[in-house]
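**Student:** This is entry.cif, which holds mmCIF, C-alpha atoms and all ligand atoms:
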data_data
loop_
_atom_site.label_atom_id
_atom_site.label_comp_id
_atom_site.auth_asym_id
_atom_site.auth_seq_id
_atom_site.Cartn_x
_atom_site.Cartn_y
_atom_site.Cartn_z
CA MET A 1 -14.43 24.24 26.04
CA GLU A 2 -14.86 20.46 25.93
CA CYS A 3 -12.19 18.01 24.80
CA SER A 4 -14.40 16.85 21.92
CA GLN A 5 -14.67 20.41 20.62
CA VAL A 6 -10.95 20.96 20.95
CA ASN A 7 -10.34 17.80 18.99
CA THR A 8 -12.20 19.08 15.96
CA HIS A 9 -9.96 22.15 15.84
CA ILE A 10 -6.53 20.58 16.25
CA ASP A 11 -6.04 20.14 12.54
CA GLU A 12 -6.81 23.79 11.84
CA LEU A 13 -4.57 24.80 14.72
CA LEU A 14 -1.65 22.88 13.22
CA ALA A 15 -2.36 24.26 9.77
CA ASP A 16 -2.32 27.73 11.28
CA ALA A 17 -5.85 28.19 10.02
CA LEU A 18 -7.63 28.81 13.30
CA GLY A 19 -8.85 32.36 13.90
CA GLU A 20 -9.27 34.21 17.16
CA PRO A 21 -10.83 33.97 19.65
CA LEU A 22 -11.15 30.22 18.99
CA ARG A 23 -7.41 29.76 18.81
CA SER A 24 -6.78 31.20 22.26
CA ALA A 25 -9.61 29.15 23.73
CA VAL A 26 -8.20 25.95 22.25
CA LEU A 27 -4.67 26.75 23.43
CA LEU A 28 -5.93 27.57 26.92
CA HIS A 29 -7.73 24.23 27.12
CA ILE A 30 -4.69 22.31 25.90
CA GLU A 31 -2.53 23.99 28.49
CA HIS A 32 -4.64 22.43 31.22
CA CYS A 33 -5.58 19.12 29.60
CA ASP A 34 -3.02 16.34 29.32
CA HIS A 35 -5.23 14.34 27.01
CA CYS A 36 -5.62 17.10 24.43
CA ALA A 37 -1.96 18.04 24.81
CA GLN A 38 -1.06 14.49 23.85
CA THR A 39 -3.42 14.55 20.87
CA LEU A 40 -1.85 17.79 19.72
CA ARG A 41 1.65 16.39 20.12
CA GLN A 42 0.82 13.23 18.20
CA ASP A 43 -1.02 15.04 15.44
CA ARG A 44 1.89 17.43 15.06
CA THR A 45 4.39 14.57 14.89
CA LEU A 46 2.26 12.72 12.36
CA ARG A 47 1.86 15.86 10.29
CA GLU A 48 5.59 16.50 10.24
CA LEU A 49 6.39 12.92 9.34
CA LEU A 50 3.83 12.98 6.53
CA GLN A 51 5.13 16.23 5.14
CA GLY A 52 8.63 14.78 5.00
CA LEU A 53 7.72 11.56 3.22
CA PRO A 54 9.97 11.04 0.21
CA LEU A 55 8.80 10.39 -3.29
CA VAL A 56 10.50 7.33 -4.72
CA PRO A 57 11.18 8.12 -8.38
CA PRO A 58 10.15 5.65 -11.05
CA SER A 59 12.70 3.07 -12.12
CA PRO A 60 15.16 4.06 -14.87
CA GLY A 61 13.63 4.07 -18.33
CA PHE A 62 10.09 4.17 -17.03
CA HIS A 63 8.79 6.86 -19.39
CA ALA A 64 10.04 5.25 -22.54
CA ARG A 65 9.03 1.80 -21.40
CA VAL A 66 5.52 2.72 -20.45
CA LEU A 67 4.90 4.54 -23.72
CA ARG A 68 6.39 1.75 -25.77
CA GLN A 69 4.17 -0.73 -24.05
CA ALA A 70 1.09 1.36 -24.45
CA SER A 71 1.67 1.59 -28.19
CA ALA A 72 2.65 -2.05 -28.59
CA GLY A 73 0.20 -3.50 -26.14
CA GLN A 74 -2.98 -3.01 -28.09
CA ARG A 75 -4.19 -6.07 -26.33
CA ARG A 76 -6.10 -5.26 -23.21
CA SER A 77 -4.29 -4.17 -20.12
CA ARG A 78 -2.46 -7.22 -18.82
CA PRO A 79 0.67 -5.88 -17.24
CA TRP A 80 1.23 -8.97 -15.15
CA LEU A 81 1.56 -11.15 -18.17
CA THR A 82 3.76 -9.14 -20.48
CA GLY A 83 7.47 -9.73 -20.44
CA LEU A 84 8.53 -6.16 -19.82
CA ALA A 85 6.08 -5.70 -17.03
CA LEU A 86 7.39 -8.83 -15.45
CA ALA A 87 10.81 -7.31 -15.21
CA ALA A 88 9.60 -3.89 -14.24
CA THR A 89 7.27 -5.01 -11.53
CA LEU A 90 9.26 -7.75 -9.91
CA VAL A 91 6.93 -10.49 -10.97
CA LEU A 92 8.46 -13.82 -10.30
CA GLY A 93 7.38 -16.54 -12.60
CA VAL A 94 7.30 -19.79 -10.76
CA VAL A 95 6.24 -22.71 -12.85
CA LEU A 96 4.52 -25.33 -10.82
CA GLY A 97 2.84 -27.18 -13.61
CA TRP A 98 5.66 -29.59 -14.33
CA MET A 99 5.36 -31.03 -10.86
CA LEU A 100 1.63 -31.12 -10.63
CA ALA A 101 0.87 -31.85 -14.24
CA PRO A 102 3.06 -34.62 -15.58
CA GLY A 103 4.74 -33.66 -18.82
CA GLY A 104 4.69 -29.96 -18.03
CA LYS A 105 7.61 -27.63 -18.35
CA PRO A 106 10.54 -27.67 -15.93
CA PRO A 107 10.79 -24.83 -13.43
CA VAL A 108 12.49 -21.61 -14.41
CA SER A 109 12.00 -19.88 -11.15
CA VAL A 110 14.92 -18.45 -9.28
CA GLN A 111 15.36 -14.73 -9.74
CA ALA A 112 16.65 -11.85 -7.71
CA VAL A 113 14.62 -8.79 -6.84
CA ALA A 114 15.71 -5.59 -5.15
CA LEU A 115 13.91 -3.78 -2.39
CA LEU A 116 14.73 -0.27 -1.26
CA ALA A 117 15.65 -0.35 2.43
CA GLN A 118 12.71 0.54 4.68
CA GLN A 119 10.45 1.42 1.79
CA PRO A 120 7.51 -0.87 1.26
CA GLY A 121 7.75 -2.68 -2.03
CA SER A 122 5.51 -4.99 -3.90
CA VAL A 123 6.91 -8.35 -4.90
CA ARG A 124 4.77 -10.65 -6.94
CA LEU A 125 4.77 -14.38 -7.05
CA ALA A 126 3.03 -16.16 -9.85
CA PHE A 127 2.40 -19.87 -9.95
CA GLU A 128 1.25 -21.94 -12.86
CA SER A 129 -0.74 -24.98 -12.03
CA GLY A 130 -1.80 -27.70 -14.41
CA HIS A 131 -4.95 -28.48 -12.41
CA ASP A 132 -7.36 -27.08 -9.91
CA LEU A 133 -5.85 -28.06 -6.58
CA ARG A 134 -7.62 -27.97 -3.25
CA ASP A 135 -6.00 -27.33 0.08
CA VAL A 136 -2.49 -26.43 -0.91
CA LYS A 137 -0.26 -25.42 1.98
CA LEU A 138 1.87 -22.41 1.22
CA THR A 139 4.74 -21.45 3.49
CA LEU A 140 6.91 -18.41 3.07
CA HIS A 141 10.28 -18.25 4.79
CA LEU A 142 11.61 -14.73 4.85
CA PRO A 143 15.18 -13.54 5.36
CA THR A 144 15.69 -12.02 8.82
CA SER A 145 15.89 -8.52 7.41
CA VAL A 146 12.67 -8.81 5.37
CA GLU A 147 9.06 -8.77 6.58
CA VAL A 148 5.61 -8.81 5.08
CA VAL A 149 4.04 -5.40 5.78
CA GLY A 150 1.65 -5.73 8.70
CA TYR A 151 3.25 -8.92 10.03
CA PRO A 152 6.17 -7.55 12.01
CA GLY A 153 8.66 -9.99 13.43
CA GLN A 154 7.25 -12.97 11.53
CA HIS A 155 9.70 -14.74 9.30
CA GLU A 156 7.60 -17.73 8.52
CA LEU A 157 4.05 -17.43 7.29
CA THR A 158 1.92 -20.45 6.53
CA TRP A 159 -1.56 -20.68 5.14
CA ARG A 160 -3.73 -22.95 3.11
CA THR A 161 -5.37 -22.10 -0.12
CA ASP A 162 -6.67 -23.52 -3.37
CA LEU A 163 -4.85 -23.27 -6.66
CA GLN A 164 -6.78 -22.92 -9.84
CA ARG A 165 -5.70 -24.25 -13.17
CA GLY A 166 -3.59 -21.67 -14.91
CA ARG A 167 -1.85 -18.71 -13.43
CA ASN A 168 -2.21 -17.93 -9.72
CA GLU A 169 -0.84 -14.67 -8.48
CA LEU A 170 0.16 -13.31 -5.13
CA SER A 171 1.13 -9.71 -4.61
CA LEU A 172 3.27 -9.56 -1.52
CA PRO A 173 3.86 -6.26 0.27
CA LEU A 174 7.38 -6.57 1.66
CA VAL A 175 9.62 -4.26 3.57
CA ALA A 176 13.35 -4.64 4.15
CA ARG A 177 14.85 -3.61 7.45
CA ASP A 178 18.49 -2.83 7.93
CA GLY A 179 20.54 -5.67 6.66
CA GLU A 180 21.48 -7.49 3.55
CA GLY A 181 18.47 -9.40 2.37
CA GLY A 182 18.75 -13.07 1.60
CA LEU A 183 16.56 -15.86 0.34
CA LEU A 184 12.80 -15.85 0.34
CA VAL A 185 11.67 -19.44 0.11
CA ALA A 186 8.15 -20.30 -0.95
CA GLN A 187 7.12 -23.88 -0.26
CA LEU A 188 4.03 -25.44 -1.71
CA GLU A 189 2.69 -28.69 -0.38
CA HIS A 190 -0.15 -30.68 -1.82
CA GLY A 191 -0.71 -34.14 -0.44
CA ALA A 192 2.64 -35.86 -0.59
CA GLN A 193 4.00 -33.45 -3.17
CA ARG A 194 6.23 -30.65 -2.09
CA LYS A 195 8.11 -28.01 -4.00
CA GLN A 196 10.30 -25.17 -2.82
CA PHE A 197 11.22 -22.05 -4.72
CA ALA A 198 13.89 -19.62 -3.65
CA VAL A 199 14.06 -16.00 -4.64
CA ARG A 200 16.98 -13.81 -3.72
CA ILE A 201 16.05 -10.48 -2.16
CA ASP A 202 18.66 -7.75 -2.37
CA VAL A 203 18.34 -4.69 -0.19
CA ASP A 204 19.28 -1.39 -1.74
CA GLN A 205 20.48 0.82 1.11
CA THR A 206 20.81 3.98 -0.96
CA GLY A 207 18.24 6.47 0.18
CA ALA A 208 17.43 4.52 3.33
CA LEU A 209 15.24 6.48 5.70
CA PRO A 210 16.56 7.51 9.11
CA SER A 211 15.66 4.97 11.76
CA LYS A 212 15.32 7.63 14.42
CA ASN A 213 12.48 10.04 14.77
CA PRO A 214 13.97 13.29 13.47
CA ILE A 215 11.79 15.40 15.75
CA MET B 1 0.29 11.91 -22.71
CA TYR B 2 4.05 12.21 -22.27
CA PRO B 3 3.91 15.65 -20.58
CA HIS B 4 1.63 14.21 -17.92
CA LEU B 5 3.64 11.11 -17.05
CA ASP B 6 5.53 12.60 -14.11
CA HIS B 7 2.34 13.95 -12.63
CA LEU B 8 0.53 10.65 -13.12
CA TYR B 9 3.37 8.64 -11.60
CA ARG B 10 3.53 10.94 -8.60
CA PHE B 11 -0.21 10.71 -8.04
CA ALA B 12 -0.12 6.94 -8.47
CA TYR B 13 2.80 6.63 -6.07
CA ARG B 14 0.89 8.48 -3.35
CA MET B 15 -2.15 6.33 -3.98
CA THR B 16 -0.37 3.00 -3.96
CA GLY B 17 2.65 3.65 -1.75
CA THR B 18 5.10 1.60 -3.78
CA ARG B 19 7.08 2.28 -6.91
CA GLU B 20 6.13 -1.03 -8.47
CA ASP B 21 2.41 -0.55 -7.99
CA ALA B 22 2.58 3.06 -9.15
CA GLU B 23 4.38 2.08 -12.34
CA ASP B 24 1.87 -0.67 -12.96
CA LEU B 25 -1.03 1.65 -12.45
CA VAL B 26 0.27 4.28 -14.86
CA GLN B 27 1.04 1.57 -17.37
CA ASP B 28 -2.46 0.18 -17.02
CA LEU B 29 -3.88 3.61 -17.65
CA LEU B 30 -1.81 4.16 -20.77
CA VAL B 31 -2.58 0.79 -22.25
CA LYS B 32 -6.24 1.44 -21.62
CA LEU B 33 -6.22 4.91 -23.17
CA TYR B 34 -3.87 4.35 -26.06
CA PRO B 35 -6.58 3.16 -28.44
CA ARG B 36 -8.67 6.21 -27.51
CA GLN B 37 -6.19 8.91 -28.47
CA ARG B 38 -8.65 10.66 -30.77
CA GLU B 39 -11.04 11.04 -27.86
CA LEU B 40 -8.27 12.40 -25.65
CA GLU B 41 -7.50 15.15 -28.12
CA ALA B 42 -11.01 16.44 -27.57
CA VAL B 43 -10.66 16.59 -23.80
CA GLU B 44 -10.14 20.18 -22.75
CA GLN B 45 -8.57 19.76 -19.33
CA LEU B 46 -6.56 16.65 -19.99
CA ARG B 47 -4.54 16.46 -16.79
CA PRO B 48 -7.44 16.45 -14.31
CA TRP B 49 -9.33 14.13 -16.62
CA LEU B 50 -6.41 11.67 -16.70
CA THR B 51 -6.04 11.97 -12.95
CA ARG B 52 -9.69 11.08 -12.38
CA VAL B 53 -9.41 8.03 -14.63
CA LEU B 54 -6.17 7.03 -12.89
CA TYR B 55 -7.79 7.23 -9.47
CA ARG B 56 -10.80 5.19 -10.57
CA LEU B 57 -8.51 2.59 -12.08
CA GLY B 58 -6.36 2.47 -8.95
CA VAL B 59 -9.37 1.94 -6.70
CA ASP B 60 -10.67 -0.82 -8.96
CA ARG B 61 -7.29 -2.52 -9.02
CA ALA B 62 -6.92 -2.33 -5.26
CA ARG B 63 -10.38 -3.81 -4.81
CA SER B 64 -9.72 -6.68 -7.13
CA GLN B 65 -6.39 -7.29 -5.39
CA SER B 66 -8.05 -7.26 -2.00
CA ARG B 67 -10.51 -9.81 -3.33
CA ASN B 68 -7.50 -11.92 -4.18
CA PRO B 69 -7.71 -14.40 -1.34
CA LEU B 70 -3.95 -14.40 -1.10
CA ALA B 71 -3.65 -10.75 -0.28
CA LEU B 72 -2.03 -10.78 3.12
CA ARG B 73 -3.57 -7.53 4.21
CA GLN B 74 -5.32 -7.25 7.48
CA ASP B 75 -8.92 -6.82 6.52
CA ALA B 76 -9.63 -5.18 9.82
CA VAL B 77 -7.53 -2.15 9.09
CA GLY B 78 -8.72 0.33 6.56
CA ALA B 79 -12.21 -0.98 5.94
CA GLU B 80 -14.00 1.56 3.83
CA ASP B 81 -15.83 4.09 6.00
CA SER B 82 -16.98 1.40 8.34
CA ASP B 83 -18.92 2.36 11.44
CA VAL B 84 -16.55 0.50 13.69
CA ASP B 85 -13.88 2.72 15.09
CA PRO B 86 -10.54 1.37 13.86
CA LEU B 87 -9.08 1.96 17.29
CA GLU B 88 -11.43 -0.60 18.73
CA ARG B 89 -9.99 -3.25 16.51
CA LEU B 90 -6.43 -2.60 17.47
CA PRO B 91 -4.80 -3.72 20.67
CA SER B 92 -5.54 -1.32 23.45
CA HIS B 93 -2.76 0.57 25.11
CA GLU B 94 -2.33 1.73 28.61
CA PRO B 95 -1.91 5.46 28.51
CA GLU B 96 1.75 6.32 28.87
CA PRO B 97 2.40 9.24 31.11
CA SER B 98 5.68 10.15 29.51
CA ALA B 99 6.07 12.57 26.66
CA ALA B 100 8.26 10.05 24.89
CA LEU B 101 5.29 8.21 23.48
CA GLU B 102 6.21 9.08 19.91
CA ARG B 103 9.86 8.13 20.14
CA HIS B 104 9.30 5.17 17.83
CA TRP B 105 7.40 7.15 15.24
CA THR B 106 9.59 7.24 12.17
CA GLN B 107 9.02 7.78 8.49
CA ALA B 108 9.88 4.17 7.81
CA ARG B 109 7.18 2.95 10.20
CA LEU B 110 4.75 5.51 8.86
CA LEU B 111 5.25 4.19 5.33
CA GLU B 112 4.42 0.70 6.50
CA ALA B 113 1.39 1.93 8.39
CA MET B 114 0.21 3.70 5.24
CA GLN B 115 0.36 0.39 3.39
CA GLN B 116 -2.16 -1.00 5.82
CA LEU B 117 -4.78 1.59 4.98
CA SER B 118 -7.36 1.11 2.27
CA VAL B 119 -6.50 2.78 -1.02
CA GLU B 120 -9.18 5.43 -0.42
CA HIS B 121 -7.81 6.34 2.99
CA ARG B 122 -4.20 6.27 1.88
CA SER B 123 -5.01 8.43 -1.14
CA VAL B 124 -6.74 11.18 0.76
CA ILE B 125 -4.15 11.44 3.51
CA ALA B 126 -1.19 11.29 1.14
CA LEU B 127 -2.62 13.65 -1.45
CA HIS B 128 -3.89 16.14 1.09
CA MET B 129 -1.19 16.04 3.74
CA VAL B 130 1.88 15.04 1.73
CA GLU B 131 1.17 16.57 -1.67
CA GLY B 132 -0.85 19.48 -0.35
CA TYR B 133 -3.99 19.14 -2.49
CA ALA B 134 -6.90 21.06 -1.00
CA LEU B 135 -9.95 18.98 -0.17
CA ASN B 136 -12.07 20.76 -2.77
CA GLU B 137 -9.48 19.91 -5.43
CA LEU B 138 -9.63 16.29 -4.32
CA GLU B 139 -13.41 16.40 -4.43
CA ASP B 140 -13.07 16.86 -8.18
CA LEU B 141 -10.09 14.56 -8.81
CA LEU B 142 -11.33 11.72 -6.66
CA GLN B 143 -14.99 12.37 -7.50
CA THR B 144 -15.84 12.15 -3.82
CA PRO B 145 -17.78 14.67 -1.71
CA VAL B 146 -15.73 16.80 0.67
CA GLY B 147 -17.68 15.44 3.65
CA THR B 148 -16.63 11.90 2.81
CA LEU B 149 -13.04 13.01 2.27
CA LYS B 150 -13.02 14.68 5.68
CA SER B 151 -14.27 11.59 7.41
CA ARG B 152 -11.72 9.44 5.55
CA LEU B 153 -9.00 11.84 6.58
CA HIS B 154 -10.10 11.64 10.18
CA ARG B 155 -10.17 7.86 10.15
CA ALA B 156 -6.91 7.55 8.27
CA ARG B 157 -5.18 9.71 10.84
CA ALA B 158 -6.65 7.70 13.71
CA GLN B 159 -5.56 4.45 12.07
CA LEU B 160 -2.05 5.72 11.44
CA LYS B 161 -1.67 6.88 15.02
CA ALA B 162 -2.95 3.57 16.33
CA LEU B 163 -0.56 1.65 14.09
CA LEU B 164 2.39 3.85 15.01
CA GLN B 165 1.55 3.47 18.66
CA ARG B 166 2.22 -0.23 18.58
CA GLU B 167 5.56 -1.21 19.89
CA PRO B 168 7.89 -1.73 16.94
CA ASN B 169 8.21 -5.37 15.94
CA GLN B 170 5.36 -6.35 18.19
CA ASP B 171 3.74 -9.52 17.03
CA HIS B 172 0.05 -8.78 16.84
CA GLN B 173 -1.00 -10.64 13.79
CA ARG B 174 -1.38 -14.26 13.04
CA VAL B 175 -1.78 -15.76 9.65
CA ASN B 176 -4.34 -18.45 10.01
CA THR B 177 -6.66 -18.49 7.15
CA ARG B 178 -7.29 -22.12 6.64
CA GLY B 179 -10.17 -22.73 4.32
CA GLN B 180 -10.82 -19.08 3.72
CA ARG B 181 -8.46 -18.17 0.99
CA LYS B 182 -8.40 -19.11 -2.62
CA TRP B 183 -6.15 -18.09 -5.42
CA ASN B 184 -7.07 -15.70 -8.13
CA VAL B 185 -6.50 -16.88 -11.60
CA VAL B 186 -5.71 -14.44 -14.33
CA LYS B 187 -6.48 -16.05 -17.62
ZN ZN C 1 -9.02 18.14 26.63
#
Reformat the file's structure so that it appears as structure tokens.
**Tutor:**
Amino acid sequence: MECSQVNTHIDELLADALGEPLRSAVLLHIEHCDHCAQTLRQDRTLRELLQGLPLVPPSPGFHARVLRQASAGQRRSRPWLTGLALAATLVLGVVLGWMLAPGGKPPVSVQAVALLAQQPGSVRLAFESGHDLRDVKLTLHLPTSVEVVGYPGQHELTWRTDLQRGRNELSLPLVARDGEGGLLVAQLEHGAQRKQFAVRIDVDQTGALPSKNPI
Amino acid sequence: MYPHLDHLYRFAYRMTGTREDAEDLVQDLLVKLYPRQRELEAVEQLRPWLTRVLYRLGVDRARSQSRNPLALRQDAVGAEDSDVDPLERLPSHEPEPSAALERHWTQARLLEAMQQLSVEHRSVIALHMVEGYALNELEDLLQTPVGTLKSRLHRARAQLKALLQREPNQDHQRVNTRGQRKWNVVK
């Protein structure tokens, strides 16, 4: 039996769904093939990790809230913009307009959000801008215990973008490592103008996942 | 719809991978369907019907979010059924002789790796392998042929293994998107 054939049967083998004589043939091959033995080991580990993944329950009051909003919110689905959704979904309203559009409102930005330790969460930043703005530099400074998912070990992320007049939204996939959280600072720079916004990130350690492979 | 909320949340959580996004998705669905309650009363199998609409809505939302130029996701990972093998896009690894290769594989890292998959890949692997839906059930709920689901499952698994295989905290990604990203405006 070839490795490529064995590979197509590993899933069934792990699911205990492989009949004889195929099963014996696959096992015999694996016994003599380091490569396939490694694939089997990894697939088994992945399978066991997947099967043990927790379900994070909805936040308290979710059922009542979601039904209330459905009945009240006859307007089209705009969860980002409704007050309750803002609270429920960790949307951070950051008002930029006052700085960029003279006469605008003052900022009402600093809030705290909670992340469950080691569970990816979605934190949203929303910026109001009075104008279309080209080439705005956005820098995020993250607390040492917090990372953007997919950017491990990076605690400062900088990129350039354009802001459009009105509301500009960024959904940020964050994950908190062990530790206490701290301040996430978003800095916007446009020409000579600069504005920083701080958001406190609290890390909820209850229900933290084990940091060691249980297998 | 109340009796279906737990089911819908659970399904949405597996699709999205975060509580916040799952709650948003269910809320979106309810706001959308509330004015159509009469119609819903006529639906015979309400739960699978709601689940199909939820999935469609979740895929649409994820696509519009990924079009948001600010989405800091790595476009390379989780591209929908692309012909390029995801492993080719990831840093190559010297084969390790030791059996301790998986010592860094943890649930916490797996959850993060899942967040780097496309919504279609994450959905099929989570619903099939975590929630235990059979592929022919998912064919109906996700309105996707079994063959496509199988290939997504295969790719999702390969992507997860490749992501888990990275050394923890290894710095592989750079954010350098000058001139390429714009903000989305929700009016
Ligand atoms: Zn082999």
**Student:** Which one is closest to chain A: B:Val31, B:Met1, B:Val59, B:Val146? Count all atoms listed in the file.
**Tutor:** B:Val31
**Student:** As a PyMOL selection string, could you give me every residue of chain A near chain B (at most 6 Å apart, counting all atoms listed in the file)?
**Tutor:** chain A and resi 49-51+66+70+77+89+118+121+151-153+159-163+167-168+170+213
**Student:** Excluding A:Asp204 and residues on its chain fewer than 3 positions from it, collect all residues at most 7 Å away from it, counting all atoms listed in the file, and give them as a PyMOL selection string.
**Tutor:** chain A and resi 114-117
**Student:** Which protein, DNA or RNA residues have an atom within 7 Å of ligand ZN 1 (chain C), counting only C-alpha atoms and all ligand atoms, as a ChimeraX atom specification?
**Tutor:** /A:2-3,6,29-30,33-36
**Student:** To one decimal in Å, tell me the separation between atom CA of B:Ala42 and atom CA of A:Arg65.
**Tutor:**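 Computing the Euclidean distance for atom CA of B:Ala42 and atom CA of A:Arg65 yields 25.6 Å.
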**Student:** Expressed in Å to a single decimal, how great is the separation between atom CA of B:Pro48 and atom CA of B:Leu149?
**Tutor:** 17.8 Å
**Student:** Find the residues around B:Val124 up to 12 Å (only C-alpha atoms counted), leave out those fewer than 6 positions away in its own chain, and share them as a ChimeraX atom specification.
**Tutor:** /B:11,14-16,55,114,117-118,130-139,141-146,148-157
**Student:** Here's a test: counting only C-alpha atoms, identify every protein, DNA and RNA residue with an atom at most 7 Å from (4.8, -25.7, -1.1) in the file's coordinate frame, and state them as a list of chain:residue names.
**Tutor:**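 Residues with an atom at most 7 Å from (4.8, -25.7, -1.1): A:Lys137, A:Leu138, A:Thr139, A:Ala186, A:Gln187, A:Leu188, A:Glu189, A:Arg194, A:Lys195, A:Gln196.
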**Student:** Take atom CA of A:Ala176 and atom CA of A:Arg47 and report the distance between them in Å, one decimal.
**Tutor:** 24.3 Å
